[in-house]
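Novice: Next comes the structure file work_38.txt, holding compact mmCIF, C-alpha atoms.
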```
# COMPACT_ATOMS: atom_id res chain seq x y z
CA MET N 151 21.40 -16.97 3.02
CA VAL N 152 19.22 -20.03 3.69
CA MET N 153 15.82 -19.88 2.06
CA THR N 154 12.94 -21.89 3.48
CA ARG N 155 10.09 -22.96 1.32
CA PRO N 156 6.96 -21.08 2.42
CA ARG N 157 3.63 -22.75 2.81
CA PHE N 158 1.33 -21.95 -0.02
CA GLY N 159 -1.76 -21.78 2.21
CA TRP N 160 -5.01 -21.20 0.39
CA PHE N 161 -3.30 -20.19 -2.86
CA ARG N 162 -3.72 -23.62 -4.41
CA ALA N 163 -5.19 -24.25 -7.78
CA LYS N 164 -8.29 -25.95 -6.41
CA ASN N 165 -9.14 -22.80 -4.47
CA TRP N 166 -8.92 -20.35 -7.37
CA LEU N 167 -12.69 -19.85 -7.33
CA PHE N 168 -12.46 -18.68 -3.75
CA LEU N 169 -9.69 -16.24 -4.65
CA ALA N 170 -11.71 -14.86 -7.54
CA SER N 171 -14.79 -14.46 -5.36
CA VAL N 172 -12.78 -12.47 -2.83
CA ILE N 173 -11.57 -10.06 -5.51
CA VAL N 174 -14.99 -9.71 -7.09
CA GLY N 175 -16.48 -9.17 -3.65
CA LEU N 176 -13.99 -6.38 -3.04
CA GLY N 177 -15.12 -4.61 -6.19
CA ALA N 178 -18.81 -5.08 -5.35
CA CYS N 179 -18.25 -3.77 -1.84
CA ALA N 180 -16.53 -0.71 -3.28
CA ARG N 181 -19.51 0.04 -5.53
CA ILE N 182 -22.01 -0.42 -2.70
CA VAL N 183 -20.10 1.76 -0.26
CA SER N 184 -19.49 4.42 -2.89
CA ALA N 185 -23.17 4.59 -3.72
CA ALA N 186 -24.20 4.67 -0.07
CA SER N 187 -23.24 8.29 0.46
CA SER N 188 -22.43 11.05 -1.98
CA GLU N 189 -22.29 13.75 0.68
CA ALA N 190 -19.57 14.48 3.17
CA ARG N 191 -19.96 12.80 6.54
CA ARG N 192 -18.17 12.53 9.84
CA VAL N 193 -15.93 9.48 10.04
CA SER N 194 -13.78 7.92 12.71
CA LEU N 195 -10.28 6.68 11.95
CA GLU N 196 -11.47 3.07 11.95
CA ASP N 197 -14.29 3.90 9.53
CA ALA N 198 -11.88 5.82 7.30
CA ILE N 199 -9.57 2.82 7.04
CA ALA N 200 -12.50 0.51 6.28
CA PHE N 201 -13.82 2.88 3.59
CA ALA N 202 -10.39 3.14 1.98
CA ILE N 203 -9.93 -0.63 1.81
CA ALA N 204 -13.41 -1.06 0.34
CA ALA N 205 -13.54 1.87 -2.09
CA ASN N 206 -10.04 3.15 -2.91
CA PRO N 207 -9.67 2.61 -6.70
CA ASP N 208 -5.87 2.32 -6.60
CA TYR N 209 -6.13 -0.46 -4.04
CA ALA N 210 -8.79 -2.19 -6.12
CA ALA N 211 -6.56 -1.97 -9.20
CA ALA N 212 -3.71 -3.55 -7.26
CA SER N 213 -5.97 -6.48 -6.36
CA ARG N 214 -6.35 -7.35 -10.05
CA GLU N 215 -2.69 -8.37 -10.10
CA LEU N 216 -3.65 -11.39 -7.99
CA LEU N 217 -5.96 -12.61 -10.73
CA PHE N 218 -3.28 -12.04 -13.35
CA VAL N 219 -0.63 -14.00 -11.45
CA HIS N 220 -3.14 -16.73 -10.64
CA GLY N 221 -3.35 -17.34 -14.37
CA GLU N 222 0.29 -18.49 -14.23
CA LEU N 223 -0.69 -21.01 -11.58
CA VAL N 224 -3.52 -22.30 -13.76
CA ARG N 225 -1.12 -22.66 -16.71
CA ALA N 226 1.42 -24.48 -14.55
CA ASN N 227 -1.25 -27.06 -13.70
CA TYR N 228 -1.89 -28.01 -17.32
CA ILE N 229 -1.64 -31.77 -17.88
CA SER N 230 1.13 -31.00 -20.36
CA GLN N 231 2.72 -27.85 -21.68
CA TYR N 232 2.82 -29.44 -25.14
CA ASN N 233 -0.25 -30.29 -27.18
CA PRO N 234 -0.45 -33.60 -29.03
CA GLU N 235 0.51 -33.40 -32.68
CA ALA N 236 -1.58 -35.21 -35.27
CA SER N 237 -0.81 -35.56 -38.97
CA ALA N 238 -2.40 -37.42 -41.87
CA GLY N 239 -1.65 -37.90 -45.52
CA GLY N 240 -2.62 -40.04 -48.47
CA ASP N 241 -2.53 -40.40 -52.24
CA TYR N 242 -4.38 -42.10 -55.03
CA ARG N 243 -2.48 -44.02 -57.73
CA HIS N 244 -3.82 -45.38 -61.03
CA SER N 245 -1.85 -48.15 -62.70
CA SER N 246 -1.73 -48.98 -66.40
CA GLU N 247 -2.36 -52.58 -65.41
CA GLN N 248 -5.96 -51.64 -64.62
CA TRP N 249 -5.74 -51.51 -60.81
CA ASP N 250 -5.99 -48.50 -58.47
CA SER N 251 -4.34 -47.86 -55.11
CA GLU N 252 -5.36 -45.54 -52.27
CA ASP N 253 -2.54 -45.05 -49.78
CA TRP N 254 -2.97 -43.18 -46.45
CA ARG N 255 -1.22 -42.75 -43.12
CA VAL N 256 -2.22 -41.19 -39.74
CA ASP N 257 0.32 -40.17 -37.07
CA LEU N 258 -0.25 -39.02 -33.47
CA SER N 259 2.65 -37.93 -31.22
CA GLN N 260 3.10 -36.34 -27.81
CA GLN N 261 6.17 -34.83 -26.16
CA LEU N 262 6.59 -36.00 -22.55
CA GLU N 263 8.24 -34.05 -19.74
CA VAL N 264 10.04 -36.77 -17.80
CA PHE N 265 12.61 -34.75 -15.83
CA GLY N 266 10.31 -33.20 -13.21
CA GLN N 267 9.58 -29.99 -15.11
CA PRO N 268 5.83 -29.90 -14.25
CA ALA N 269 6.46 -30.05 -10.50
CA LEU N 270 9.07 -27.28 -10.69
CA ARG N 271 6.76 -25.18 -12.87
CA ARG N 272 3.94 -25.50 -10.31
CA GLN N 273 6.31 -24.67 -7.46
CA SER N 274 7.51 -21.53 -9.25
CA ALA N 275 3.91 -20.47 -9.92
CA HIS N 276 3.04 -20.93 -6.24
CA TYR N 277 5.96 -18.70 -5.29
CA ALA N 278 4.76 -16.10 -7.79
CA VAL N 279 1.21 -16.15 -6.40
CA ASN N 280 2.40 -15.84 -2.82
CA ARG N 281 4.76 -13.03 -3.80
CA ALA N 282 1.87 -11.20 -5.48
CA ALA N 283 -0.21 -11.70 -2.34
CA ALA N 284 2.61 -10.21 -0.26
CA ASP N 285 2.87 -7.26 -2.67
CA PHE N 286 -0.88 -6.72 -2.33
CA ALA N 287 -0.60 -6.83 1.46
CA ASN N 288 2.14 -4.23 1.19
CA GLN N 289 -0.21 -1.99 -0.79
CA LYS N 290 -2.69 -2.30 2.06
CA ARG N 291 0.02 -1.35 4.56
CA LEU N 292 0.88 1.78 2.55
CA LEU N 293 -2.78 2.71 2.07
CA ILE N 294 -3.57 2.45 5.79
CA ALA N 295 -0.55 4.60 6.64
CA ALA N 296 -1.62 7.23 4.09
CA VAL N 297 -5.16 7.27 5.47
CA LYS N 298 -3.93 7.63 9.04
CA LEU N 299 -1.52 10.44 8.22
CA THR N 300 -4.09 12.34 6.13
CA TYR N 301 -6.74 11.80 8.80
CA TYR N 302 -4.48 13.19 11.53
CA ALA N 303 -3.51 16.11 9.30
CA ALA N 304 -7.19 16.92 8.82
CA VAL N 305 -7.77 16.69 12.58
CA ARG N 306 -4.86 19.06 13.18
CA GLU N 307 -6.27 21.62 10.74
CA ARG N 308 -9.71 21.27 12.31
CA LEU N 309 -8.31 21.92 15.79
CA ALA N 310 -6.20 24.79 14.45
CA THR N 311 -9.25 26.31 12.77
CA ASN N 312 -11.15 26.15 16.05
CA LEU N 313 -8.25 27.86 17.84
CA PHE N 314 -8.14 30.60 15.22
CA LYS N 315 -11.88 31.08 15.68
CA GLU N 316 -11.30 31.60 19.39
CA LEU N 317 -8.42 33.96 18.65
CA ALA N 318 -10.48 35.98 16.19
CA ALA N 319 -13.36 36.23 18.65
CA LEU N 320 -11.01 37.34 21.41
CA ASP N 321 -9.26 39.88 19.18
CA GLY N 322 -12.69 41.15 18.14
CA ARG N 323 -13.63 41.79 21.77
CA LEU N 324 -10.28 43.44 22.42
CA ASN N 325 -10.74 45.64 19.36
CA ASP N 326 -14.20 46.69 20.53
CA ALA N 327 -12.80 47.48 23.96
CA ALA N 328 -9.90 49.43 22.45
CA GLN N 329 -12.19 51.52 20.24
CA ALA N 330 -14.41 52.26 23.23
CA ARG N 331 -11.40 53.37 25.29
CA LEU N 332 -10.16 55.47 22.39
CA LYS N 333 -13.45 57.35 22.32
CA ALA N 334 -13.24 57.77 26.10
CA GLY N 335 -9.74 59.15 25.79
CA GLU N 336 -8.22 56.39 27.91
CA ILE N 337 -5.80 55.17 25.22
CA GLY N 338 -4.14 56.69 22.20
CA GLN N 339 -4.61 56.05 18.49
CA ILE N 340 -1.55 53.81 18.29
CA ASP N 341 -2.98 51.34 20.82
CA ALA N 342 -6.34 51.40 19.05
CA ASN N 343 -4.68 50.76 15.70
CA LEU N 344 -2.74 47.87 17.22
CA ALA N 345 -6.01 46.26 18.28
CA ARG N 346 -7.42 46.64 14.78
CA VAL N 347 -4.28 45.16 13.22
CA ARG N 348 -4.37 42.19 15.58
CA TYR N 349 -8.03 41.58 14.77
CA GLY N 350 -7.36 41.72 11.03
CA GLN N 351 -4.42 39.32 11.34
CA SER N 352 -6.45 36.80 13.31
CA ARG N 353 -9.31 36.92 10.78
CA ARG N 354 -6.84 36.37 7.92
CA ALA N 355 -5.23 33.47 9.78
CA LEU N 356 -8.68 31.96 10.35
CA LEU N 357 -9.45 32.01 6.63
CA GLU N 358 -6.09 30.43 5.81
CA ALA N 359 -6.56 27.73 8.45
CA PHE N 360 -10.04 26.93 7.15
CA ASP N 361 -8.66 26.66 3.61
CA ARG N 362 -5.99 24.20 4.76
CA TYR N 363 -8.68 22.17 6.53
CA GLN N 364 -10.74 21.91 3.35
CA ILE N 365 -7.70 20.76 1.38
CA GLU N 366 -6.95 18.01 3.90
CA ARG N 367 -10.59 16.90 3.79
CA LEU N 368 -10.40 16.68 0.00
CA SER N 369 -7.26 14.56 0.27
CA LEU N 370 -8.96 12.28 2.77
CA GLY N 371 -12.01 11.95 0.53
CA ARG N 372 -9.78 10.92 -2.38
CA LEU N 373 -8.12 8.22 -0.30
CA LEU N 374 -11.53 6.90 0.78
CA GLY N 375 -12.59 6.66 -2.85
CA GLY N 376 -15.54 9.00 -2.31
CA ALA N 377 -17.25 6.48 -0.02
CA ALA N 378 -17.76 9.16 2.66
CA GLY N 379 -18.22 12.07 0.27
CA ALA N 380 -15.74 14.37 -1.39
CA LYS N 381 -14.78 16.09 1.87
CA PRO N 382 -15.36 13.80 4.87
CA GLU N 383 -14.98 15.37 8.28
CA PRO N 384 -12.68 13.59 10.76
CA ALA N 385 -14.49 12.93 14.02
CA GLY N 386 -11.50 11.87 16.11
CA ASP N 387 -8.67 13.63 17.88
CA LEU N 388 -4.88 13.43 18.09
CA GLN N 389 -4.61 11.47 21.32
CA VAL N 390 -2.36 8.40 21.04
CA GLU N 391 -1.30 5.93 23.69
CA PRO N 392 2.43 5.37 24.32
CA LEU N 393 3.88 2.25 22.71
CA PRO N 394 5.19 -0.35 25.19
CA VAL N 395 8.04 -1.62 22.96
CA ASP N 396 11.78 -1.16 22.50
CA LEU N 397 13.99 -0.78 19.44
CA GLU N 398 15.39 -4.32 19.39
CA LYS N 399 11.93 -5.86 19.43
CA LEU N 400 10.74 -3.45 16.75
CA VAL N 401 13.45 -4.47 14.29
CA ALA N 402 12.66 -8.15 14.81
CA MET N 403 8.94 -7.43 14.40
CA ALA N 404 9.60 -5.55 11.16
CA ARG N 405 11.41 -8.50 9.58
CA ASP N 406 8.52 -10.76 10.57
CA ASN N 407 5.68 -8.39 9.67
CA ARG N 408 6.76 -6.43 6.61
CA PRO N 409 5.02 -7.90 3.52
CA ASP N 410 7.54 -6.28 1.16
CA TYR N 411 10.33 -8.12 2.99
CA ARG N 412 8.39 -11.36 2.65
CA ALA N 413 7.79 -10.63 -1.05
CA ALA N 414 11.51 -10.10 -1.61
CA LYS N 415 12.35 -13.49 -0.08
CA LEU N 416 9.63 -15.18 -2.12
CA GLU N 417 11.03 -13.65 -5.30
CA ILE N 418 14.44 -15.16 -4.52
CA ALA N 419 12.83 -18.56 -3.94
CA ARG N 420 10.90 -18.23 -7.22
CA LEU N 421 14.03 -17.38 -9.21
CA GLU N 422 15.97 -20.25 -7.64
CA THR N 423 13.17 -22.56 -8.74
CA GLU N 424 13.18 -20.98 -12.21
CA ALA N 425 16.92 -21.63 -12.47
CA LYS N 426 16.39 -25.29 -11.60
CA LEU N 427 13.47 -25.51 -14.03
CA ASN N 428 15.55 -23.97 -16.81
CA ARG N 429 18.24 -26.62 -16.34
CA ARG N 430 15.57 -29.34 -16.59
CA LEU N 431 14.06 -27.74 -19.70
CA ALA N 432 17.44 -28.03 -21.43
CA LEU N 433 17.26 -31.82 -21.11
CA PRO N 434 15.85 -33.66 -24.14
CA ASN N 435 12.21 -34.62 -23.62
CA PRO N 436 11.27 -37.74 -25.55
CA THR N 437 8.42 -37.71 -28.03
CA VAL N 438 6.33 -40.87 -28.35
CA GLY N 439 3.72 -41.57 -31.01
CA ALA N 440 1.70 -44.11 -32.89
CA PHE N 441 0.84 -44.48 -36.55
CA MET N 442 -1.30 -46.57 -38.82
CA GLY N 443 -2.06 -46.64 -42.56
CA ARG N 444 -2.62 -48.58 -45.73
CA GLU N 445 -0.47 -49.18 -48.82
CA VAL N 446 -0.69 -51.08 -52.06
CA VAL N 447 -4.39 -51.73 -52.39
CA SER N 448 -5.14 -53.45 -49.08
CA GLU N 449 -1.93 -53.82 -47.10
CA ARG N 450 -2.35 -52.22 -43.66
CA PHE N 451 0.37 -51.32 -41.20
CA TYR N 452 0.76 -49.74 -37.76
CA GLY N 453 3.48 -49.06 -35.19
CA VAL N 454 4.99 -46.73 -32.66
CA THR N 455 7.65 -44.00 -32.84
CA ILE N 456 10.08 -42.60 -30.30
CA GLY N 457 12.04 -39.41 -30.87
CA VAL N 458 14.60 -37.55 -28.81
CA PRO N 459 15.77 -33.99 -29.66
CA LEU N 460 19.50 -33.38 -29.72
CA PRO N 461 20.40 -30.26 -27.71
CA LEU N 462 23.35 -29.27 -29.84
CA PHE N 463 22.65 -25.59 -30.54
CA ASN N 464 20.13 -24.40 -27.94
CA ARG N 465 20.84 -25.48 -24.39
CA ARG N 466 18.96 -22.47 -22.92
CA GLN N 467 22.20 -20.66 -22.08
CA ALA N 468 20.62 -17.23 -22.64
CA GLU N 469 17.73 -18.01 -20.29
CA ALA N 470 20.16 -19.27 -17.64
CA THR N 471 22.22 -16.07 -17.87
CA GLN N 472 19.10 -13.90 -17.50
CA ILE N 473 17.77 -15.87 -14.53
CA ASP N 474 21.15 -15.76 -12.78
CA ALA N 475 21.29 -11.99 -13.24
CA ARG N 476 17.76 -11.57 -11.88
CA LEU N 477 18.62 -13.79 -8.94
CA LEU N 478 21.69 -11.74 -8.05
CA GLN N 479 19.59 -8.59 -8.39
CA ALA N 480 16.88 -10.00 -6.11
CA ARG N 481 19.43 -10.92 -3.44
CA ASP N 482 20.94 -7.45 -3.58
CA ARG N 483 17.48 -5.92 -3.23
CA LEU N 484 16.72 -8.10 -0.22
CA ARG N 485 19.97 -7.01 1.44
CA ALA N 486 19.19 -3.36 0.66
CA LEU N 487 15.67 -3.76 2.05
CA ASP N 488 17.08 -5.35 5.20
CA LEU N 489 19.32 -2.31 5.73
CA ASP N 490 16.44 0.04 4.95
CA ILE N 491 14.20 -1.66 7.50
CA ALA N 492 16.81 -1.32 10.22
CA ARG N 493 17.31 2.35 9.35
CA GLU N 494 13.60 3.15 9.05
CA VAL N 495 12.74 1.49 12.34
CA ALA N 496 15.62 3.18 14.19
CA ALA N 497 14.78 6.60 12.72
CA GLY N 498 11.08 6.12 13.41
CA TRP N 499 11.76 5.06 16.98
CA ASP N 500 13.97 8.10 17.63
CA ARG N 501 11.40 10.41 16.08
CA TYR N 502 8.61 8.87 18.14
CA ARG N 503 10.47 9.17 21.43
CA THR N 504 11.38 12.78 20.69
CA ALA N 505 7.80 13.65 19.73
CA LEU N 506 6.49 12.01 22.90
CA GLU N 507 8.91 13.99 25.06
CA VAL N 508 8.02 17.23 23.26
CA VAL N 509 4.33 16.69 23.98
CA GLU N 510 5.01 16.11 27.66
CA ILE N 511 7.28 19.15 27.97
CA ASN N 512 4.91 21.35 25.99
CA ARG N 513 1.92 20.57 28.18
CA ARG N 514 3.80 20.70 31.47
CA SER N 515 6.04 23.70 30.93
CA ILE N 516 4.42 25.84 28.19
CA VAL N 517 0.67 25.49 27.73
CA ALA N 518 -0.44 25.57 31.36
CA PRO N 519 1.76 28.54 32.46
CA ALA N 520 0.88 30.56 29.34
CA ARG N 521 -2.83 30.02 29.83
CA GLU N 522 -2.60 30.95 33.51
CA SER N 523 -0.64 34.14 32.74
CA PHE N 524 -3.11 35.24 30.08
CA GLU N 525 -6.10 34.75 32.39
CA LEU N 526 -4.42 36.89 35.07
CA LEU N 527 -3.49 39.61 32.56
CA ASP N 528 -6.96 39.57 31.04
CA ALA N 529 -8.48 40.17 34.46
CA ALA N 530 -6.03 43.03 35.03
CA PHE N 531 -6.94 44.57 31.65
CA VAL N 532 -10.65 44.41 32.40
CA ALA N 533 -9.94 46.12 35.72
CA GLY N 534 -8.04 48.86 33.88
CA LYS N 535 -4.71 47.94 35.43
CA LEU N 536 -3.00 46.78 32.22
CA ASP N 537 -2.39 48.39 28.84
CA LEU N 538 -3.57 46.83 25.60
CA LEU N 539 -0.08 46.14 24.25
CA SER N 540 0.89 43.94 27.22
CA LEU N 541 -2.38 42.04 27.00
CA SER N 542 -1.92 41.49 23.25
CA VAL N 543 1.55 40.06 23.79
CA ALA N 544 0.25 37.70 26.49
CA GLU N 545 -2.63 36.70 24.25
CA ARG N 546 -0.26 35.76 21.43
CA GLN N 547 1.94 33.78 23.77
CA ALA N 548 -1.02 31.79 25.06
CA PHE N 549 -2.28 31.15 21.53
CA GLU N 550 1.14 30.08 20.24
CA ALA N 551 1.42 27.70 23.19
CA ARG N 552 -1.94 26.11 22.37
CA ILE N 553 -1.29 25.89 18.61
CA GLY N 554 2.16 24.50 19.43
CA ASP N 555 0.46 21.84 21.52
CA VAL N 556 -1.75 20.88 18.57
CA ASN N 557 1.30 20.63 16.31
CA ALA N 558 3.16 18.59 18.92
CA GLN N 559 0.26 16.16 19.17
CA PHE N 560 0.15 15.85 15.39
CA ASN N 561 3.89 15.24 15.25
CA LEU N 562 3.49 12.47 17.82
CA ALA N 563 0.62 10.88 15.89
CA ALA N 564 2.57 11.18 12.62
CA ALA N 565 5.65 9.66 14.28
CA GLU N 566 3.59 6.70 15.45
CA VAL N 567 2.19 6.23 11.93
CA ALA N 568 5.73 6.31 10.48
CA LEU N 569 6.99 3.85 13.08
CA ASP N 570 4.02 1.55 12.55
CA LEU N 571 4.66 1.72 8.78
CA ALA N 572 8.33 0.86 9.25
CA VAL N 573 7.53 -2.08 11.53
CA GLY N 574 4.59 -3.32 9.48
CA GLY N 575 2.11 -3.21 12.36
CA ILE N 576 2.66 -2.64 16.08
CA ARG N 577 -0.71 -2.45 17.82
```
Render the structure in this file as structure tokens.
Specialist:
Amino acid sequence: MVMTRPRFGWFRAKNWLFLASVIVGLGACARIVSAASSEARRVSLEDAIAFAIAANPDYAAASRELLFVHGELVRANYISQYNPEASAGGDYRHSSEQWDSEDWRVDLSQQLEVFGQPALRRQSAHYAVNRAAADFANQKRLLIAAVKLTYYAAVRERLATNLFKELAALDGRLNDAAQARLKAGEIGQIDANLARVRYGQSRRALLEAFDRYQIERLSLGRLLGGAAGAKPEPAGDLQVEPLPVDLEKLVAMARDNRPDYRAAKLEIARLETEAKLNRRLALPNPTVGAFMGREVVSERFYGVTIGVPLPLFNRRQAEATQIDARLLQARDRLRALDLDIAREVAAGWDRYRTALEVVEINRRSIVAPARESFELLDAAFVAGKLDLLSLSVAERQAFEARIGDVNAQFNLAAAEVALDLAVGGIR
């Protein structure tokens, strides 16, 4: 595998203030948005995504990793990784010959990295910062997908709740009609009881649907970090436009777009640089110094020193073994991620195409005929030409067709979210 050195972009040491201001601004924006509204409000999908990016605490916590890794870049840009070493000493001697001597000496030394270690250390730190930025971008990708899926789930439950309201209202009218016909002697007790049972079932289903809607709203509010209230109400629908792409293009797009894939390649580049740096660190860096002092009453002296460590016992073999193991592990993970991307995109594409076809078939062959049949049977029932049992069956068929259409639309929206997540951004 050939690795290319990525451009470091704006993640250079001289721009660290800009990076810090971006992170601090993210936290300030979260506090402002969170304080703007403590009550639930209607939000569009675009607003929900913006609120989540600004106020989601998990996303904000992930942003702090950028500051942490940037510290490694600051350390790599030190003038030297080794501080100068100063030492001093002296003594006082009294002689029996009636003369005194004050001897002293001052030493200053500095170890020099002369084998290119600083440049490699800075390069490794740049890779680490860019990898952390890619990991952070991946957190954003996952957060947006979670917001979209939860938003669509809340929309589905809202639409389902509205359908159950219609069903309960219709079953209530049918029950009233059945009880009136029972009193008039036009139907028997069994038919009247059936109407009451249907009405009770629809009311129970309405309560359950409303409860599911509230749960989805709570989940959405958590993802938005409370910026739109504890239970924001989704204002959108489940309509999605077909994607004008094919599988081959999607796989290529995924390898270009996925930040986790980019992070995996950057980690390999970082470890390769670390391996090279470790080999350079095993080389003996010279230590140069200067000294001056005084001996025997007034004799002064000065000079320079040069020292070279002898790498006889520690040649950083353990570090080399650990880096090599991490490098092999990173390459295996990149290969596994490459296979996962191909599988996820293919599975997401198949699921999306199936969901799109189901929506088309459902609307063309199920919803419209069922609605038309129920309207005709309802008119026949009002005219006294149809019994209650037949009308109830037709009513349930029409309702199941409509609720099936809502579920089909949700499945299509969820399939698009999953495909967009696998590709790393389509639209």
Novice: Hey, could you make a per-residue contact list for stretch 199-310 of chain N against stretch 432-441 of chain N with 12 Å as the cut-off, showing the nearest pair of atoms and its distance in Å to one decimal, counting only C-alpha atoms, sorted by chain and number, as a Markdown table?
Specialist:
```
| residue | atom | partner | partner_atom | distance |
| --- | --- | --- | --- | --- |
| N:Gln231 | CA | N:Asn435 | CA | 11.8 |
| N:Tyr232 | CA | N:Thr437 | CA | 10.4 |
| N:Asn233 | CA | N:Thr437 | CA | 11.4 |
| N:Pro234 | CA | N:Gly439 | CA | 9.2 |
| N:Glu235 | CA | N:Gly439 | CA | 8.9 |
| N:Ala236 | CA | N:Gly439 | CA | 9.3 |
| N:Ser237 | CA | N:Phe441 | CA | 9.4 |
| N:Ala238 | CA | N:Phe441 | CA | 9.4 |
| N:Gly239 | CA | N:Phe441 | CA | 11.4 |
| N:Trp254 | CA | N:Phe441 | CA | 10.7 |
| N:Arg255 | CA | N:Phe441 | CA | 7.1 |
| N:Val256 | CA | N:Phe441 | CA | 5.5 |
| N:Asp257 | CA | N:Phe441 | CA | 4.4 |
| N:Leu258 | CA | N:Gly439 | CA | 5.3 |
| N:Ser259 | CA | N:Gly439 | CA | 3.8 |
| N:Gln260 | CA | N:Thr437 | CA | 5.5 |
| N:Gln261 | CA | N:Thr437 | CA | 4.1 |
| N:Leu262 | CA | N:Pro436 | CA | 5.8 |
| N:Glu263 | CA | N:Asn435 | CA | 5.6 |
| N:Val264 | CA | N:Asn435 | CA | 6.6 |
| N:Phe265 | CA | N:Leu433 | CA | 7.6 |
| N:Gly266 | CA | N:Leu433 | CA | 10.6 |
| N:Gln267 | CA | N:Leu433 | CA | 9.9 |
```
Novice: Given the point (5.2, -6.1, -1.0) in the coordinates of this file, which residues lie within 7 Å, counting all atoms listed in the file, and how would they look as a list in words?
Specialist: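 Residues with an atom close enough to that point: Ala284, Asp285, Phe286, Ala287, Asn288, Gln289, Pro409, Asp410, Tyr411 and Ala413 of chain N.
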Novice: Grab the atom CA of N:Arg420 to atom CA of N:Ala269 distance for me, in Å with one decimal place.
Specialist: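 Distance between the two atoms: 13.0 Å.
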Novice: Neighbourhood query: residues within 10 Å of (3.9, 12.4, 21.2), file coordinates, counting only C-alpha atoms; return as a VMD selection string.
Specialist: chain N and resid 388 to 392 501 to 510 557 to 566
Novice: Produce a file of the selected residues containing C-alpha atoms, as a CSV table (one decimal), keeping the file's coordinate frame.
Specialist:
```csv
chain,number,residue,atom,x,y,z
N,388,LEU,CA,-4.9,13.4,18.1
N,389,GLN,CA,-4.6,11.5,21.3
N,390,VAL,CA,-2.4,8.4,21.0
N,391,GLU,CA,-1.3,5.9,23.7
N,392,PRO,CA,2.4,5.4,24.3
N,501,ARG,CA,11.4,10.4,16.1
N,502,TYR,CA,8.6,8.9,18.1
N,503,ARG,CA,10.5,9.2,21.4
N,504,THR,CA,11.4,12.8,20.7
N,505,ALA,CA,7.8,13.6,19.7
N,506,LEU,CA,6.5,12.0,22.9
N,507,GLU,CA,8.9,14.0,25.1
N,508,VAL,CA,8.0,17.2,23.3
N,509,VAL,CA,4.3,16.7,24.0
N,510,GLU,CA,5.0,16.1,27.7
N,557,ASN,CA,1.3,20.6,16.3
N,558,ALA,CA,3.2,18.6,18.9
N,559,GLN,CA,0.3,16.2,19.2
N,560,PHE,CA,0.2,15.8,15.4
N,561,ASN,CA,3.9,15.2,15.2
N,562,LEU,CA,3.5,12.5,17.8
N,563,ALA,CA,0.6,10.9,15.9
N,564,ALA,CA,2.6,11.2,12.6
N,565,ALA,CA,5.6,9.7,14.3
N,566,GLU,CA,3.6,6.7,15.4
```
Novice: Between atom CA of N:Phe218 and atom CA of N:Leu270, measure the distance and give it in Å to one decimal.
Specialist: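 Atom CA of N:Leu270 lies at a distance of 19.8 Å from atom CA of N:Phe218.
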Novice: Using only C-alpha atoms, which of N:Val305, N:Leu293, N:Ala278, N:Ile418 sits nearest N:Leu477?
Specialist: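 For N:Leu477, the nearest of the candidates is N:Ile418.
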Novice: List the neighbours of N:Leu427 out to 8 Å using all atoms listed in the file; skip same-chain residues closer than 3 positions along the sequence, and give me the result as a list in words.
Specialist: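 Selected residues are Gln267, Leu270, Arg271, Thr423, Glu424, Arg430 and Leu431 of chain N.
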Novice: Counting all atoms listed in the file, which residue out of N:Ala518, N:Ala414, N:Leu373, N:Ala327 sits closest to N:Ala205?
Specialist: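 Distance minimum relative to N:Ala205 lands on N:Leu373.
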